[in-house]
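Undergrad: Can you read through this structure? Questions will come right after.
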Amino acid sequence: MIILFLNCGSSSVRYSVYDWAKKESLAAGLVERVTMPGSAITHERPGKDKVEFIHECKNHKEAIKLVVNTLTSKEYGVIKDTGVINAVGHRIVHGGKFAKSVVVDKSVLQELKDISDLAPLHNPAHIMGIEAAQEILPSVKHVCVMDTAFHQTMPEHTYMYALPYEWYTDFKVRRYGFHGSSILYCAKRTAVLLGKKPSEVNAIICHIGNGASVTAVKDGKCYDTSMGLTPLEGVIMGTRCGDIDPAIPFYVMGKTDLTAQEMYSALNKKSGVLAVSGKSADRRDIELAAEAGDKRCQLAVDMEAYHIKKYVGAYAAALGRVDAVVWTAGVGERGPIIREKVLKDMEYMGIVYDHERNFAAVTKNAESRITAENSKVKSFVIPTDEELVGVEDIVAILENRYDVHTKYHYIFEEKTYRNKLRDEAFLKEVVKKPFLLKAAVNPPSL
């Protein structure tokens with residue numbers, strides 16, 4: 001069974017192809033700068049050199065055509081033709097009422113369109129991707145994998161807001177949470193690394209990328225999460241403000257001629273570390289500038305770390321017992337400076353931070369431990385795999401055995417699970433950077 005998984009952003013299309021029979025990824029890649037000049041694709045396959053070339057894509061349909069043509073090409077393809085594709089999965093940031101992955105039909109598409117204003121940076125692009133993919137591959141099932149689904153186990157007292165109750169009943173205003181597939185994967189992998197069942201694990205999972213969230217996982221299920229009705233709430237992000245006094249937008253709008261839509265755009269696209277640093281939303285650029293003496297960039301680093309640390313502390317209190325603090329996504333996986341600022345001086349919580357291990361864990365291809373041997377509470381860096389979660393959901397749907405994650409056993413919950421594509425990439429990295437082995441947990445055989 002061959003599954004194509006797509007993650008369509010406003011100007012990008014990420015993809016992966018998974019062979020379920022062999023339990024391995026055949027290829028993964030990214031089309032960048034969709035709708036802009038200089039569109040390009042990066043295509044990776046196990047045991048093969050990376051392929052990169054420029055190809056103009058004026059819209060998402062052209063980008064998905066490029067993906068399909070690349071996957072079926074004689075030179076660097078991995079499948080014979082599109083006829084072998086059994087289903088196409090689509091990652092959806094805001095799934096609204098859906099508690100698990102679903103087959104796309106008219107009602108599902110309409111629901112996603114109805115709630116697009118809750119995830120304006122993502123859902124409109126997802127919808128364009130779904131409709132384009134349906135045109136290109138009309139004879140296969142299309143499945144939406146909802147990023148909000150994992151968080152549907154939150155109790156009422158954590159997902160409700162102290163607002164007029166009819167806003168909840170009439171407009172569905174509540175905390176939804178995001179990054180659910182990523183959190184699910186990391187929660188299950190944390191259980192493996194701890195040698196426990198998922199239902200026995202309490203963890204705080206920090207998904208820190210351009211979008212960022214912190215989630216409290218209790219007994220393997222979501223108990224609370226920092227993002228809310230939309231992905232705007234919570235910790236400071238690349239271009240999003242995170243938690244602020246809700247009176248601020250009204251105050252500034254009273255002082256300026258900003259419209260409500262312009263304010264919403266400012267909070268989503270012109271805030272966060274971009275606004276504080278005045279330079280970039282890329283943490284690498286900010287950290288380099290901070291090291292060179294830029295005070296605003298240093299402030300951005302300090303503020304982001306402080307906000308994450310506050311959430312870790314709050315969720316530790318909410319959970320009562322913490323087995324692990326987990327880091328994932330771009331900054332979480334390769335940002336030792338932010339991780340250090342959060343974990344340092346937290347011995348009172350049972351965390352014994354290891355500087356060497358932390359700064360050795362700078363790869364997106366290996367699971368690492370960044371706390372000392374005697375640390376009661378472990379801290380792991382776990383490269384996320386949202387695509388694999390989606391693929392397995394899709395296969396289970398096709399085989400009529402799918403269920404919510406608490407009643408379903410994923411292949412990556414097995415101790416013997418390995419990601420061949422990542423193992424190969426990690427071994428190549430180790431040749432150039434042997435120190436990566438310092439923190440790696442269960443590295444591939446050398």
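Here's how to read the names in the structure tokens: chain A, B, ... by the order shown, residue numbers from 1 in each chain, ligand numbers from 1 in the order shown.
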Would you pick out the contacts of range 395-397 of chain A at 8 Å or less, using only C-alpha atoms, so that residues sharing its chain but fewer than 3 positions from it are not included, and give the list as JSON, numbers by chain?

TA: {"A": [1, 3, 20, 391, 392, 400, 401, 402]}

Undergrad: Please list as a PDB file with C-alpha atoms, in the first residue's frame every residue within 6 Å of Asp147 in chain A, counting only C-alpha atoms and excluding residues in the same chain fewer than 4 positions away.

TA:
ATOM      1  CA  ILE A  92      -4.845  20.145   8.407  1.00  0.00           C
ATOM      2  CA  VAL A  93      -3.860  22.690  11.061  1.00  0.00           C
ATOM      3  CA  PHE A 178      -2.525  22.524  17.538  1.00  0.00           C
ATOM      4  CA  HIS A 179       0.534  20.488  16.492  1.00  0.00           C
ATOM      5  CA  GLY A 180      -1.496  17.447  17.539  1.00  0.00           C
ATOM      6  CA  SER A 181       0.100  14.884  15.201  1.00  0.00           C
TER       7      SER A 181
END

Undergrad: Write out as a PyMOL selection string the residues lying within 10 Å of Thr384 in chain A, counting only C-alpha atoms and excluding same-chain residues fewer than 6 positions away.

TA: chain A and resi 181-186+189+207+327-330+332-333+364-365+367

Undergrad: Suppose we keep N, CA and C atoms; can you now write the selection as a compact mmCIF listing (two decimals), in the first residue's frame?

TA:
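File selection.txt, as written:
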# COMPACT_ATOMS: atom_id res chain seq x y z
N SER A 181 -0.58 16.07 15.73
CA SER A 181 0.10 14.88 15.20
C SER A 181 1.53 14.80 15.72
N SER A 182 2.18 15.96 15.80
CA SER A 182 3.54 16.02 16.33
C SER A 182 3.57 15.62 17.80
N ILE A 183 2.62 16.13 18.58
CA ILE A 183 2.58 15.81 20.00
C ILE A 183 2.28 14.34 20.21
N LEU A 184 1.36 13.80 19.41
CA LEU A 184 1.03 12.37 19.50
C LEU A 184 2.28 11.53 19.28
N TYR A 185 3.00 11.82 18.19
CA TYR A 185 4.20 11.05 17.87
C TYR A 185 5.22 11.14 19.01
N CYS A 186 5.47 12.34 19.49
CA CYS A 186 6.47 12.53 20.54
C CYS A 186 6.05 11.89 21.86
N ARG A 189 6.69 8.18 21.44
CA ARG A 189 8.14 7.90 21.44
C ARG A 189 8.74 8.12 22.83
N HIS A 207 6.85 21.91 21.33
CA HIS A 207 6.96 21.94 19.86
C HIS A 207 7.31 23.37 19.49
N TRP A 327 11.50 18.06 23.56
CA TRP A 327 11.70 19.13 22.59
C TRP A 327 11.56 18.59 21.18
N THR A 328 10.83 19.31 20.33
CA THR A 328 10.66 18.88 18.95
C THR A 328 10.42 20.08 18.05
N ALA A 329 10.36 19.84 16.73
CA ALA A 329 10.23 20.85 15.68
C ALA A 329 11.55 21.59 15.49
N GLY A 330 11.59 22.51 14.52
CA GLY A 330 12.85 23.12 14.09
C GLY A 330 13.73 23.65 15.19
N GLY A 332 13.10 23.41 18.52
CA GLY A 332 13.18 22.42 19.59
C GLY A 332 14.22 21.35 19.32
N GLU A 333 14.35 20.96 18.04
CA GLU A 333 15.30 19.91 17.67
C GLU A 333 16.72 20.42 17.51
N LYS A 364 18.30 16.84 13.28
CA LYS A 364 16.88 16.51 13.14
C LYS A 364 16.69 15.02 12.85
N ASN A 365 17.76 14.24 13.02
CA ASN A 365 17.71 12.85 12.60
C ASN A 365 17.91 11.82 13.71
N GLU A 367 17.09 10.79 18.05
CA GLU A 367 16.52 11.05 19.37
C GLU A 367 17.65 11.16 20.38

Undergrad: Given only C-alpha atoms as the basis, pick out the residue of A:Ser226, A:Gln298, A:Ser271, A:Ser16 nearest to Tyr176 in chain A.

TA: A:Ser226

Undergrad: Of the residues A:Glu287, A:Glu347, A:Glu387, A:Glu304, which is the one nearest to Gly89 in chain A, using only C-alpha atoms?

TA: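 Nearest to Gly89 in chain A: A:Glu387.
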
Undergrad: Where does DSSP see strand (DSSP E or B) in range 181-402 of chain A, if you list the residues as a PyMOL selection string?

TA: chain A and resi 203-208+212-218+221-225+324-328+353+368-369+371+378-381

Undergrad: Env of range 240-245 of chain A: 8 Å cut, atoms = only C-alpha atoms, seq-sep filter 6 positions within chain, self excluded. Answer as a list of chain:residue names.

TA: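 Those residues are A:Gly211, A:Leu232, A:Glu233, A:Gly234, A:Leu267, A:Asn268, A:Lys269, A:Lys270, A:Ser271, A:Gly272, A:Val273.
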
Undergrad: Determine, counting only C-alpha atoms, which protein, DNA and RNA residues have an atom within 12 Å of an atom of Ala360 in chain A; residues of the same chain fewer than 6 positions away are not included. Present the result as a ChimeraX atom specification.

TA: /A:333-337,354,366-371,381,429-430,433-441

Undergrad: Go ahead and dump the residues you just picked, C-alpha atoms, as a PDB file, in the first residue's frame.

TA:
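Generated output (result06.pdb):
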ATOM      1  CA  GLU A 333      15.296  19.908  17.672  1.00  0.00           C
ATOM      2  CA  ARG A 334      18.220  22.170  16.770  1.00  0.00           C
ATOM      3  CA  GLY A 335      18.093  25.058  19.242  1.00  0.00           C
ATOM      4  CA  PRO A 336      20.375  24.268  22.194  1.00  0.00           C
ATOM      5  CA  ILE A 337      20.500  27.894  23.382  1.00  0.00           C
ATOM      6  CA  ASP A 354      23.663  18.337  30.866  1.00  0.00           C
ATOM      7  CA  ALA A 366      18.310  11.309  16.050  1.00  0.00           C
ATOM      8  CA  GLU A 367      16.520  11.054  19.367  1.00  0.00           C
ATOM      9  CA  SER A 368      18.701  12.432  22.159  1.00  0.00           C
ATOM     10  CA  ARG A 369      18.754  12.780  25.925  1.00  0.00           C
ATOM     11  CA  ILE A 370      19.968  16.158  27.184  1.00  0.00           C
ATOM     12  CA  THR A 371      19.769  15.586  30.933  1.00  0.00           C
ATOM     13  CA  VAL A 381      15.004  15.866  21.890  1.00  0.00           C
ATOM     14  CA  GLU A 429      26.211  13.699   9.736  1.00  0.00           C
ATOM     15  CA  VAL A 430      28.245  11.705  12.258  1.00  0.00           C
ATOM     16  CA  LYS A 433      30.316  15.745  13.369  1.00  0.00           C
ATOM     17  CA  PRO A 434      31.224  12.803  15.658  1.00  0.00           C
ATOM     18  CA  PHE A 435      30.047  14.772  18.713  1.00  0.00           C
ATOM     19  CA  LEU A 436      26.432  14.099  17.634  1.00  0.00           C
ATOM     20  CA  LEU A 437      26.768  10.632  19.166  1.00  0.00           C
ATOM     21  CA  LYS A 438      27.267  12.189  22.612  1.00  0.00           C
ATOM     22  CA  ALA A 439      23.554  12.672  23.259  1.00  0.00           C
ATOM     23  CA  ALA A 440      21.959  10.205  20.828  1.00  0.00           C
ATOM     24  CA  VAL A 441      19.646   7.572  22.272  1.00  0.00           C
TER      25      VAL A 441
END

Undergrad: I'd like the contact shell of Gly83 in chain A - 10 Å cut-off, only C-alpha atoms, skipping same-chain residues fewer than 3 positions apart - returned as a VMD selection string.

TA: chain A and resid 2 79 to 80 86 137 139 to 140

Undergrad: Residues of the last selection are to be written out with N, CA and C atoms, as a PDB file, in the first residue's frame.

TA:
ATOM      1  N   ILE A   2       0.686   2.107  -0.985  1.00  0.00           N
ATOM      2  CA  ILE A   2       1.492   3.323  -1.135  1.00  0.00           C
ATOM      3  C   ILE A   2       0.650   4.538  -0.758  1.00  0.00           C
ATOM      4  N   ILE A  79       8.140   5.550  -7.628  1.00  0.00           N
ATOM      5  CA  ILE A  79       6.988   4.709  -7.966  1.00  0.00           C
ATOM      6  C   ILE A  79       6.826   4.693  -9.486  1.00  0.00           C
ATOM      7  N   LYS A  80       6.222   3.624  -9.984  1.00  0.00           N
ATOM      8  CA  LYS A  80       6.080   3.441 -11.429  1.00  0.00           C
ATOM      9  C   LYS A  80       5.167   4.493 -12.036  1.00  0.00           C
ATOM     10  N   ASN A  86      -2.452   4.506  -3.265  1.00  0.00           N
ATOM     11  CA  ASN A  86      -3.723   4.045  -2.709  1.00  0.00           C
ATOM     12  C   ASN A  86      -4.541   5.154  -2.044  1.00  0.00           C
ATOM     13  N   LEU A 137      -5.336  13.676  -8.739  1.00  0.00           N
ATOM     14  CA  LEU A 137      -5.501  12.263  -8.378  1.00  0.00           C
ATOM     15  C   LEU A 137      -6.953  12.027  -7.959  1.00  0.00           C
ATOM     16  N   SER A 139      -9.048   9.509  -8.499  1.00  0.00           N
ATOM     17  CA  SER A 139      -9.554   8.143  -8.315  1.00  0.00           C
ATOM     18  C   SER A 139      -9.165   7.512  -6.981  1.00  0.00           C
ATOM     19  N   VAL A 140      -8.455   8.259  -6.115  1.00  0.00           N
ATOM     20  CA  VAL A 140      -8.047   7.689  -4.818  1.00  0.00           C
ATOM     21  C   VAL A 140      -8.727   8.443  -3.679  1.00  0.00           C
TER      22      VAL A 140
END

Undergrad: Which of these residues is nearest to Val173 in chain A, using only C-alpha atoms: A:His122, A:Arg422, A:Lys97, A:Lys255?

TA: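 Checking each of A:His122, A:Arg422, A:Lys97, A:Lys255 against Val173 in chain A, counting only C-alpha atoms, the winner is A:Lys97.
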
Undergrad: Under the rule of at most 9 Å, produce a per-residue listing of range 143-216 of chain A near range 308-314 of chain A: chain, number, name, the closest pair of atoms, and the distance in Å, as a tab-separated table, using only C-alpha atoms.

TA:
residue	atom	partner	partner_atom	distance
A:Ile204	CA	A:Val312	CA	6.7
A:Ile205	CA	A:Val312	CA	8.7
A:Cys206	CA	A:Ile308	CA	7.9
A:Ser213	CA	A:Ile308	CA	8.5
A:Val214	CA	A:Tyr311	CA	6.9
A:Thr215	CA	A:Tyr311	CA	8.7
A:Ala216	CA	A:Val312	CA	8.5

Undergrad: Filtering to N, CA and C atoms, could you give me those residues as a PDB file, in the first residue's frame?

TA:
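Listing of selection-v4.pdb after writing:
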ATOM      1  N   ILE A 204       5.776  16.959  29.335  1.00  0.00           N
ATOM      2  CA  ILE A 204       5.564  18.312  28.826  1.00  0.00           C
ATOM      3  C   ILE A 204       6.295  18.389  27.501  1.00  0.00           C
ATOM      4  N   ILE A 205       5.546  18.583  26.416  1.00  0.00           N
ATOM      5  CA  ILE A 205       6.133  18.514  25.082  1.00  0.00           C
ATOM      6  C   ILE A 205       6.167  19.911  24.467  1.00  0.00           C
ATOM      7  N   CYS A 206       7.379  20.358  24.162  1.00  0.00           N
ATOM      8  CA  CYS A 206       7.610  21.693  23.610  1.00  0.00           C
ATOM      9  C   CYS A 206       7.848  21.579  22.103  1.00  0.00           C
ATOM     10  N   SER A 213       4.242  25.669  20.512  1.00  0.00           N
ATOM     11  CA  SER A 213       3.264  25.342  21.540  1.00  0.00           C
ATOM     12  C   SER A 213       3.902  24.456  22.594  1.00  0.00           C
ATOM     13  N   VAL A 214       3.312  24.471  23.772  1.00  0.00           N
ATOM     14  CA  VAL A 214       3.726  23.591  24.862  1.00  0.00           C
ATOM     15  C   VAL A 214       2.480  22.821  25.298  1.00  0.00           C
ATOM     16  N   THR A 215       2.615  21.505  25.442  1.00  0.00           N
ATOM     17  CA  THR A 215       1.466  20.661  25.766  1.00  0.00           C
ATOM     18  C   THR A 215       1.743  19.813  26.996  1.00  0.00           C
ATOM     19  N   ALA A 216       0.769  19.756  27.881  1.00  0.00           N
ATOM     20  CA  ALA A 216       0.842  18.884  29.053  1.00  0.00           C
ATOM     21  C   ALA A 216       0.134  17.580  28.725  1.00  0.00           C
TER      22      ALA A 216
END
